[in-house]
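Note sheet for the following structure.
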Amino acid sequence: MPIHEKSLIRPENLKTHDELVLDGIDVSGHWSTFIESRVVTDYNEALEEEIAALPGGEFVHRCWQCGSCTNSCTVNAINPDFNPRYWIYLIRTGMESELLRDKDIIWQCVSCNKCTYACPRDVFPEGVMKATAHWLEHKGHTPKSPSMHFDEVFTEQIVKTGKIEESRTIRRFFARTNQRLFQSWMIEMVKRMLRGLPIGMLTRMGLASLIAPRTSDWSAASDAMQEYIDEQNDKHTEALNLAALAKRPDQDVAA
Amino acid sequence: MTTKDKYKKVAYYPGCALEGSGHSYNRSTKAVGKALGLDLVEVKNWNCCGAMEVKNVDPKLQTYLSSRVMSVAANEMDMDVVMAPCNGCYHNLKKAEYDLANDEESVEVVDRLSKKAGHKTYESGQVETIHALDWIKETIGEDGLRERVKNSLAGIKIANYYGCMYTRPRHIFPEKDQGPGSESTSKPHFMDDLLAAAGAENVDFPLKTACCGGAHTLSDTDTSTKLVLNILKTAKLAGADVIATECPTCHSGLEMHQIRAEKVLGERVDIKILYFTQLLGMALGLKPRKVGVHENISDSIRFLKEKGLG
């Protein structure tokens, strides 16, 4: 598969004129396209360090831009704008405003790890994608992605009970992301599921969704994990210098 | 003790999906084990391995969850092999094993959390994690299967679909890519080998390790539907009647997005989706209900009857 690269020349920077004569030369139309010059001045020199401070981003500095990640990428094959190599380049050079142009699709990494498999420098691009998605959310550039909502609903249930009961997780996820649970394909799926199921299985499934399965004697593990999550959150807040951002007037009043 | 003997009695880690949407994989794995005279001892009071989600909140939390399962098997049950049929569980236990052998920070976090949780800390090397494919391949093997087949899968064309987590990233699977006899991470063949021994005809399927979008099956449904549709169509074009699966996330993803593609995109691909353990079980003479075919979302009963397996 060829490498689908993003053109550095963006469509909005292309200037064409239906009728334009400059110094007696006709430069109308596309035969002589003008490209608006672009000067980058707003580098974020700390960008690479910030990404590296988040889990998964630790090895972003190793990248030598071979493009194996983008070349092997599952999501890139269906959306050429999804370009891990380019984003790693932007992170390493501190071109934050360029990175932000793609902020709404970075979370779409499906964690297939084809990039990690192909990477000759052990950058773990899959981890960099997750770190970057977290960074965007932490900094307030994007709202929590549906994927992050799902991860949180899932993790909360495990921390609480030790196990996952799928229907509960799905219901909570749909509620948290304000989606209708019964979409046409979902109804069709449930219908087909019920078609062949014996009563015993239905009863078992019904019971599981009422009484969530749990690991016994889990409370000490649960507390230990919650404590660890809180500790990591504090660490990330500090690394990204978010304390200043988080200090809002209403919090001051509450304090 | 040879590997063959060592794998005859293993700690069985079904995981959360096999108690829910992947119940037919659970049922068929146990049924196949019974039919082959292999001993499965379920890990006591197990917990979730962290699936594909916990690592996105924090990777070391996932390492801890997976390490607890291995700690129970090693320290409370005195087992030295854990068998996980779910690719997600298998992958996470392997990843935890790798991290605990190579990353001091992971060792420190796991030790701290294990002590607070009140159980022994898992130490790398205490158990070996294997997949259901390794389990059958090592203990019974192709020759053993050929001797035991009662209903040959002859006439069934199969595309073997392994998914992402069974082979990637390769560094967590040090036993793979070790030359003849070992599993390959680029062109896996263990499932092909077993099903061929049961009489099936494996088609040349280029998307064996393609991604079904399972991680975002509900949070980015359009992407997942596109990825699944590509897998279904390619298998069909390769001439397959059935896609054989070895992972509950892949399996339910294929089934769910097969329906979604039909309902939302108007693209219907008529191909059956069965766990490899269901196919093996039927080849060993078990009825479709014994291997949970009726618990799958996609309906294969008529097809299986036509092929003489019903």
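We name chains A, B, ... following the order of the structure tokens; residues begin at 1 in each chain, and ligands are numbered from 1 as shown.
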Check: which chain A residues lie within 8 Å of chain B using only C-alpha atoms, as an MDAnalysis selection string: chainID A and resid 55:56 74:75 108 110:114 116:117 130 146:148 150:152 154:155 158 162:166 184:186 188:189 192:193 196:197 205 214:216 218:225 229
Write to file, as a short mmCIF file (atom, residue, chain, number, x, y, z; two decimals), in the first residue's frame, the residues of the selection just made, with N, CA and C atoms.
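Wrote out-v1.cif, looks like this:
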```cif
data_model
loop_
_atom_site.label_atom_id
_atom_site.label_comp_id
_atom_site.auth_asym_id
_atom_site.auth_seq_id
_atom_site.Cartn_x
_atom_site.Cartn_y
_atom_site.Cartn_z
N PRO A 55 1.24 8.57 29.64
CA PRO A 55 1.49 7.15 29.35
C PRO A 55 1.35 6.85 27.86
N GLY A 56 2.36 6.18 27.31
CA GLY A 56 2.35 5.82 25.90
C GLY A 56 3.23 6.74 25.07
N THR A 74 -4.14 1.09 9.99
CA THR A 74 -5.50 0.65 9.65
C THR A 74 -6.42 1.83 9.36
N VAL A 75 -6.35 2.86 10.21
CA VAL A 75 -7.28 3.99 10.07
C VAL A 75 -6.89 4.84 8.86
N GLN A 108 -9.27 8.42 17.08
CA GLN A 108 -9.83 7.29 16.33
C GLN A 108 -8.87 6.12 16.13
N VAL A 110 -7.37 2.73 16.43
CA VAL A 110 -8.07 1.52 16.89
C VAL A 110 -7.18 0.56 17.67
N SER A 111 -5.94 0.99 17.97
CA SER A 111 -5.01 0.16 18.77
C SER A 111 -4.73 -1.20 18.14
N CYS A 112 -4.65 -1.27 16.82
CA CYS A 112 -4.37 -2.56 16.18
C CYS A 112 -2.89 -2.91 16.29
N ASN A 113 -2.08 -1.89 16.64
CA ASN A 113 -0.64 -2.08 16.85
C ASN A 113 0.15 -2.47 15.61
N LYS A 114 -0.41 -2.22 14.42
CA LYS A 114 0.37 -2.48 13.21
C LYS A 114 1.57 -1.55 13.15
N THR A 116 3.18 -0.26 15.78
CA THR A 116 4.15 -0.71 16.76
C THR A 116 4.96 -1.89 16.20
N TYR A 117 4.25 -2.75 15.45
CA TYR A 117 4.88 -3.92 14.82
C TYR A 117 5.90 -3.47 13.78
N LYS A 130 -2.48 7.56 21.83
CA LYS A 130 -3.29 7.64 23.04
C LYS A 130 -2.84 8.83 23.90
N PRO A 146 -15.79 9.81 22.45
CA PRO A 146 -16.62 8.65 22.80
C PRO A 146 -15.76 7.51 23.33
N SER A 147 -14.60 7.33 22.72
CA SER A 147 -13.70 6.25 23.13
C SER A 147 -13.25 6.43 24.58
N MET A 148 -12.93 7.68 24.94
CA MET A 148 -12.47 7.94 26.32
C MET A 148 -13.62 7.71 27.31
N PHE A 150 -15.95 5.54 26.91
CA PHE A 150 -16.08 4.09 27.01
C PHE A 150 -14.99 3.53 27.94
N ASP A 151 -13.76 3.98 27.74
CA ASP A 151 -12.64 3.52 28.58
C ASP A 151 -12.93 3.81 30.05
N GLU A 152 -13.49 4.99 30.32
CA GLU A 152 -13.74 5.37 31.71
C GLU A 152 -14.87 4.56 32.34
N PHE A 154 -15.81 1.65 31.51
CA PHE A 154 -15.26 0.29 31.63
C PHE A 154 -14.35 0.17 32.86
N THR A 155 -13.40 1.11 32.94
CA THR A 155 -12.42 1.06 34.04
C THR A 155 -13.10 1.26 35.39
N ILE A 158 -14.55 -2.00 36.49
CA ILE A 158 -13.53 -2.98 36.93
C ILE A 158 -12.97 -2.59 38.30
N GLY A 162 -14.23 -5.59 39.83
CA GLY A 162 -13.23 -6.56 39.38
C GLY A 162 -13.57 -7.22 38.06
N LYS A 163 -14.84 -7.11 37.64
CA LYS A 163 -15.26 -7.77 36.40
C LYS A 163 -16.14 -6.86 35.56
N ILE A 164 -16.33 -7.26 34.32
CA ILE A 164 -17.19 -6.51 33.40
C ILE A 164 -18.45 -7.31 33.12
N GLU A 165 -19.58 -6.62 33.24
CA GLU A 165 -20.83 -7.23 32.77
C GLU A 165 -21.22 -6.36 31.59
N GLU A 166 -21.21 -6.98 30.40
CA GLU A 166 -21.26 -6.17 29.17
C GLU A 166 -22.49 -5.28 29.02
N SER A 184 -31.71 1.09 14.92
CA SER A 184 -32.27 0.02 14.08
C SER A 184 -31.41 -1.25 14.07
N TRP A 185 -30.09 -1.06 13.94
CA TRP A 185 -29.22 -2.24 13.84
C TRP A 185 -29.09 -2.96 15.18
N MET A 186 -29.21 -2.18 16.27
CA MET A 186 -29.11 -2.76 17.60
C MET A 186 -30.34 -3.63 17.86
N GLU A 188 -32.20 -5.06 15.60
CA GLU A 188 -32.09 -6.24 14.74
C GLU A 188 -31.15 -7.27 15.37
N MET A 189 -30.06 -6.77 15.96
CA MET A 189 -29.08 -7.68 16.56
C MET A 189 -29.69 -8.42 17.74
N ARG A 192 -32.07 -11.08 16.55
CA ARG A 192 -31.40 -12.29 16.06
C ARG A 192 -30.77 -13.09 17.20
N MET A 193 -30.32 -12.35 18.23
CA MET A 193 -29.72 -13.02 19.39
C MET A 193 -30.76 -13.87 20.10
N GLY A 196 -32.38 -17.78 18.76
CA GLY A 196 -31.93 -19.15 19.03
C GLY A 196 -31.70 -19.48 20.49
N LEU A 197 -31.85 -18.46 21.36
CA LEU A 197 -31.44 -18.68 22.74
C LEU A 197 -32.45 -19.48 23.57
N MET A 205 -28.48 -14.51 31.48
CA MET A 205 -28.08 -13.17 31.03
C MET A 205 -28.82 -12.09 31.80
N ARG A 214 -19.01 -10.21 40.24
CA ARG A 214 -17.89 -9.49 40.83
C ARG A 214 -16.85 -10.45 41.40
N THR A 215 -15.64 -9.93 41.51
CA THR A 215 -14.57 -10.69 42.12
C THR A 215 -14.73 -10.52 43.63
N SER A 216 -14.68 -11.62 44.38
CA SER A 216 -14.88 -11.44 45.82
C SER A 216 -13.61 -10.93 46.51
N TRP A 218 -12.66 -7.89 46.89
CA TRP A 218 -12.05 -6.99 45.92
C TRP A 218 -11.77 -5.61 46.51
N SER A 219 -12.34 -5.29 47.68
CA SER A 219 -12.32 -3.89 48.12
C SER A 219 -10.90 -3.34 48.32
N ALA A 220 -9.97 -4.16 48.82
CA ALA A 220 -8.61 -3.66 49.02
C ALA A 220 -7.96 -3.36 47.68
N ALA A 221 -8.17 -4.25 46.70
CA ALA A 221 -7.60 -4.02 45.36
C ALA A 221 -8.23 -2.78 44.75
N SER A 222 -9.55 -2.64 44.95
CA SER A 222 -10.27 -1.50 44.42
C SER A 222 -9.71 -0.19 44.97
N ASP A 223 -9.52 -0.13 46.30
CA ASP A 223 -8.97 1.08 46.92
C ASP A 223 -7.56 1.37 46.40
N ALA A 224 -6.74 0.31 46.30
CA ALA A 224 -5.36 0.49 45.84
C ALA A 224 -5.33 1.07 44.43
N MET A 225 -6.23 0.58 43.57
CA MET A 225 -6.23 1.06 42.19
C MET A 225 -6.73 2.50 42.10
N ILE A 229 -4.82 5.67 40.52
CA ILE A 229 -5.37 6.52 39.44
C ILE A 229 -5.29 8.00 39.84
#
```
Polymer residues at most 9 Å from Cys63 of chain A, only C-alpha atoms, same-chain spacing of 4 or more positions, as a count of residues only: 10
Backbone DSSP call of alpha helix (DSSP H) for segment 6-97 of chain B, listed as a PyMOL selection string: chain B and resi 6+23-35+54-57+59-71+87-97
Could you take the residues named above and write them with N, CA and C atoms, as a short mmCIF file (atom, residue, chain, number, x, y, z; two decimals), in the first residue's frame?
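The file below, again_2.cif, is the result:
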```cif
data_model
loop_
_atom_site.label_atom_id
_atom_site.label_comp_id
_atom_site.auth_asym_id
_atom_site.auth_seq_id
_atom_site.Cartn_x
_atom_site.Cartn_y
_atom_site.Cartn_z
N LYS B 6 2.71 -31.06 29.94
CA LYS B 6 2.52 -29.87 30.76
C LYS B 6 1.20 -29.17 30.46
N HIS B 23 -20.18 -16.39 25.19
CA HIS B 23 -20.46 -17.62 25.94
C HIS B 23 -20.30 -18.88 25.11
N SER B 24 -20.59 -18.79 23.82
CA SER B 24 -20.48 -19.98 22.97
C SER B 24 -19.00 -20.39 22.80
N TYR B 25 -18.11 -19.44 22.95
CA TYR B 25 -16.67 -19.75 22.88
C TYR B 25 -16.27 -20.51 24.15
N ASN B 26 -16.82 -20.07 25.28
CA ASN B 26 -16.58 -20.72 26.56
C ASN B 26 -17.09 -22.17 26.50
N ARG B 27 -18.36 -22.29 26.07
CA ARG B 27 -18.99 -23.60 26.01
C ARG B 27 -18.22 -24.54 25.07
N SER B 28 -17.84 -24.02 23.89
CA SER B 28 -17.19 -24.90 22.92
C SER B 28 -15.75 -25.24 23.33
N THR B 29 -15.07 -24.30 24.01
CA THR B 29 -13.70 -24.59 24.46
C THR B 29 -13.72 -25.72 25.49
N LYS B 30 -14.68 -25.61 26.45
CA LYS B 30 -14.78 -26.65 27.47
C LYS B 30 -15.17 -27.99 26.86
N ALA B 31 -16.12 -27.94 25.89
CA ALA B 31 -16.59 -29.17 25.27
C ALA B 31 -15.46 -29.86 24.49
N VAL B 32 -14.66 -29.06 23.80
CA VAL B 32 -13.55 -29.63 23.04
C VAL B 32 -12.51 -30.22 24.00
N GLY B 33 -12.24 -29.50 25.09
CA GLY B 33 -11.29 -30.00 26.08
C GLY B 33 -11.73 -31.35 26.63
N LYS B 34 -13.03 -31.44 26.92
CA LYS B 34 -13.58 -32.68 27.47
C LYS B 34 -13.46 -33.82 26.45
N ALA B 35 -13.84 -33.49 25.21
CA ALA B 35 -13.79 -34.52 24.16
C ALA B 35 -12.36 -35.01 23.91
N VAL B 54 -8.65 -0.40 29.88
CA VAL B 54 -7.96 0.09 31.07
C VAL B 54 -6.59 0.69 30.71
N LYS B 55 -5.92 0.13 29.73
CA LYS B 55 -4.60 0.66 29.36
C LYS B 55 -4.69 2.11 28.88
N ASN B 56 -5.86 2.49 28.36
CA ASN B 56 -6.00 3.88 27.91
C ASN B 56 -6.20 4.84 29.07
N VAL B 57 -6.62 4.31 30.21
CA VAL B 57 -6.67 5.12 31.42
C VAL B 57 -5.28 5.12 32.05
N PRO B 59 -1.70 2.31 31.53
CA PRO B 59 -1.20 0.98 31.13
C PRO B 59 -0.77 0.11 32.32
N LYS B 60 -0.25 0.74 33.37
CA LYS B 60 0.26 -0.07 34.49
C LYS B 60 -0.89 -0.65 35.32
N LEU B 61 -2.03 -0.01 35.26
CA LEU B 61 -3.20 -0.54 35.94
C LEU B 61 -3.61 -1.87 35.28
N GLN B 62 -3.48 -1.89 33.96
CA GLN B 62 -3.77 -3.11 33.22
C GLN B 62 -2.76 -4.20 33.57
N THR B 63 -1.49 -3.80 33.69
CA THR B 63 -0.45 -4.77 34.05
C THR B 63 -0.78 -5.37 35.41
N TYR B 64 -1.22 -4.53 36.34
CA TYR B 64 -1.57 -5.05 37.67
C TYR B 64 -2.72 -6.05 37.58
N LEU B 65 -3.80 -5.67 36.87
CA LEU B 65 -4.98 -6.55 36.78
C LEU B 65 -4.59 -7.92 36.21
N SER B 66 -3.80 -7.89 35.13
CA SER B 66 -3.39 -9.16 34.52
C SER B 66 -2.47 -9.95 35.44
N SER B 67 -1.61 -9.23 36.17
CA SER B 67 -0.66 -9.92 37.05
C SER B 67 -1.40 -10.62 38.19
N ARG B 68 -2.53 -10.04 38.62
CA ARG B 68 -3.27 -10.68 39.72
C ARG B 68 -3.80 -12.05 39.29
N VAL B 69 -4.26 -12.14 38.04
CA VAL B 69 -4.77 -13.42 37.54
C VAL B 69 -3.65 -14.46 37.55
N MET B 70 -2.47 -14.05 37.11
CA MET B 70 -1.34 -14.98 37.08
C MET B 70 -0.87 -15.32 38.48
N SER B 71 -0.98 -14.33 39.39
CA SER B 71 -0.58 -14.57 40.78
C SER B 71 -1.48 -15.63 41.43
N ASN B 87 -8.42 -13.56 22.87
CA ASN B 87 -7.21 -12.87 22.43
C ASN B 87 -6.84 -11.70 23.34
N GLY B 88 -7.85 -11.00 23.85
CA GLY B 88 -7.60 -9.85 24.71
C GLY B 88 -6.92 -10.27 26.00
N CYS B 89 -7.48 -11.29 26.66
CA CYS B 89 -6.89 -11.80 27.91
C CYS B 89 -5.48 -12.32 27.65
N TYR B 90 -5.38 -13.14 26.60
CA TYR B 90 -4.09 -13.75 26.24
C TYR B 90 -3.04 -12.66 26.01
N HIS B 91 -3.41 -11.65 25.24
CA HIS B 91 -2.52 -10.54 24.92
C HIS B 91 -2.10 -9.79 26.19
N ASN B 92 -3.08 -9.51 27.06
CA ASN B 92 -2.76 -8.72 28.25
C ASN B 92 -1.89 -9.47 29.24
N LEU B 93 -2.12 -10.77 29.39
CA LEU B 93 -1.26 -11.56 30.28
C LEU B 93 0.17 -11.62 29.72
N LYS B 94 0.26 -11.77 28.41
CA LYS B 94 1.58 -11.79 27.76
C LYS B 94 2.29 -10.44 27.93
N LYS B 95 1.51 -9.38 27.78
CA LYS B 95 2.08 -8.03 27.88
C LYS B 95 2.56 -7.79 29.32
N ALA B 96 1.75 -8.22 30.29
CA ALA B 96 2.14 -8.05 31.69
C ALA B 96 3.42 -8.85 31.97
N GLU B 97 3.47 -10.05 31.45
CA GLU B 97 4.65 -10.91 31.62
C GLU B 97 5.89 -10.19 31.07
#
```
Exercise: segment 281-290 of chain B partners within 7 Å, only C-alpha atoms, chain neighbours under 4 positions left out, as a PyMOL selection string: chain B and resi 28+31-32+148-153+198+277+294+309-310
Residues within 8 Å of segment 50-53 of chain A, only C-alpha atoms, excluding chain neighbours under 6 positions, as a PyMOL selection string: chain A and resi 59-60+91+128+131-132+135+236+239-240
Take the residues from that selection and write them out as a compact mmCIF listing (two decimals), in the first residue's frame, keeping N, CA and C atoms.
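Listing of selection38.txt after writing:
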```txt
# COMPACT_ATOMS: atom_id res chain seq x y z
N PHE A 59 8.34 7.37 24.29
CA PHE A 59 9.42 7.14 23.32
C PHE A 59 9.28 7.94 22.03
N VAL A 60 8.47 9.00 22.08
CA VAL A 60 8.23 9.78 20.86
C VAL A 60 9.53 10.37 20.31
N ILE A 91 4.66 17.04 16.74
CA ILE A 91 4.91 17.01 18.19
C ILE A 91 6.39 17.30 18.46
N VAL A 128 1.71 6.72 21.46
CA VAL A 128 1.80 8.17 21.20
C VAL A 128 0.42 8.72 20.81
N ALA A 131 -1.52 9.01 24.03
CA ALA A 131 -1.00 10.13 24.82
C ALA A 131 -1.46 11.46 24.21
N THR A 132 -1.43 11.53 22.87
CA THR A 132 -1.82 12.78 22.21
C THR A 132 -3.32 13.05 22.40
N TRP A 135 -3.67 14.30 25.83
CA TRP A 135 -3.13 15.66 25.90
C TRP A 135 -4.17 16.67 25.39
N HIS A 236 0.07 13.96 36.07
CA HIS A 236 -0.14 14.49 34.72
C HIS A 236 -0.52 15.97 34.78
N ALA A 239 2.69 17.74 35.17
CA ALA A 239 3.54 17.69 33.99
C ALA A 239 3.04 18.61 32.88
N LEU A 240 1.74 18.75 32.76
CA LEU A 240 1.19 19.59 31.70
C LEU A 240 0.91 21.00 32.19
```
Separation of atom CA of Val291 of chain B from atom CA of Asp192 of chain B, in Å and rounded to one decimal: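 Computed distance, atom CA of Val291 of chain B to atom CA of Asp192 of chain B, equals 19.4 Å.
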Minimum-distance residue to Lys272 of chain B, chosen among B:Val41, B:Leu304, B:Leu18, B:Val110 (using only C-alpha atoms):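 That would be B:Leu304, the residue with the smallest distance to Lys272 of chain B.
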One-decimal distance in Å that lies between atom CA of Asp42 of chain A and atom CA of Ser97 of chain A: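 Value for the atom CA of Ser97 of chain A-atom CA of Asp42 of chain A distance: 7.5 Å.
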Distance of atom CA of Val43 of chain B from atom CA of Val81 of chain B, expressed in Å to one decimal place: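 Spanning atom CA of Val81 of chain B to atom CA of Val43 of chain B is a straight-line distance of 10.8 Å.
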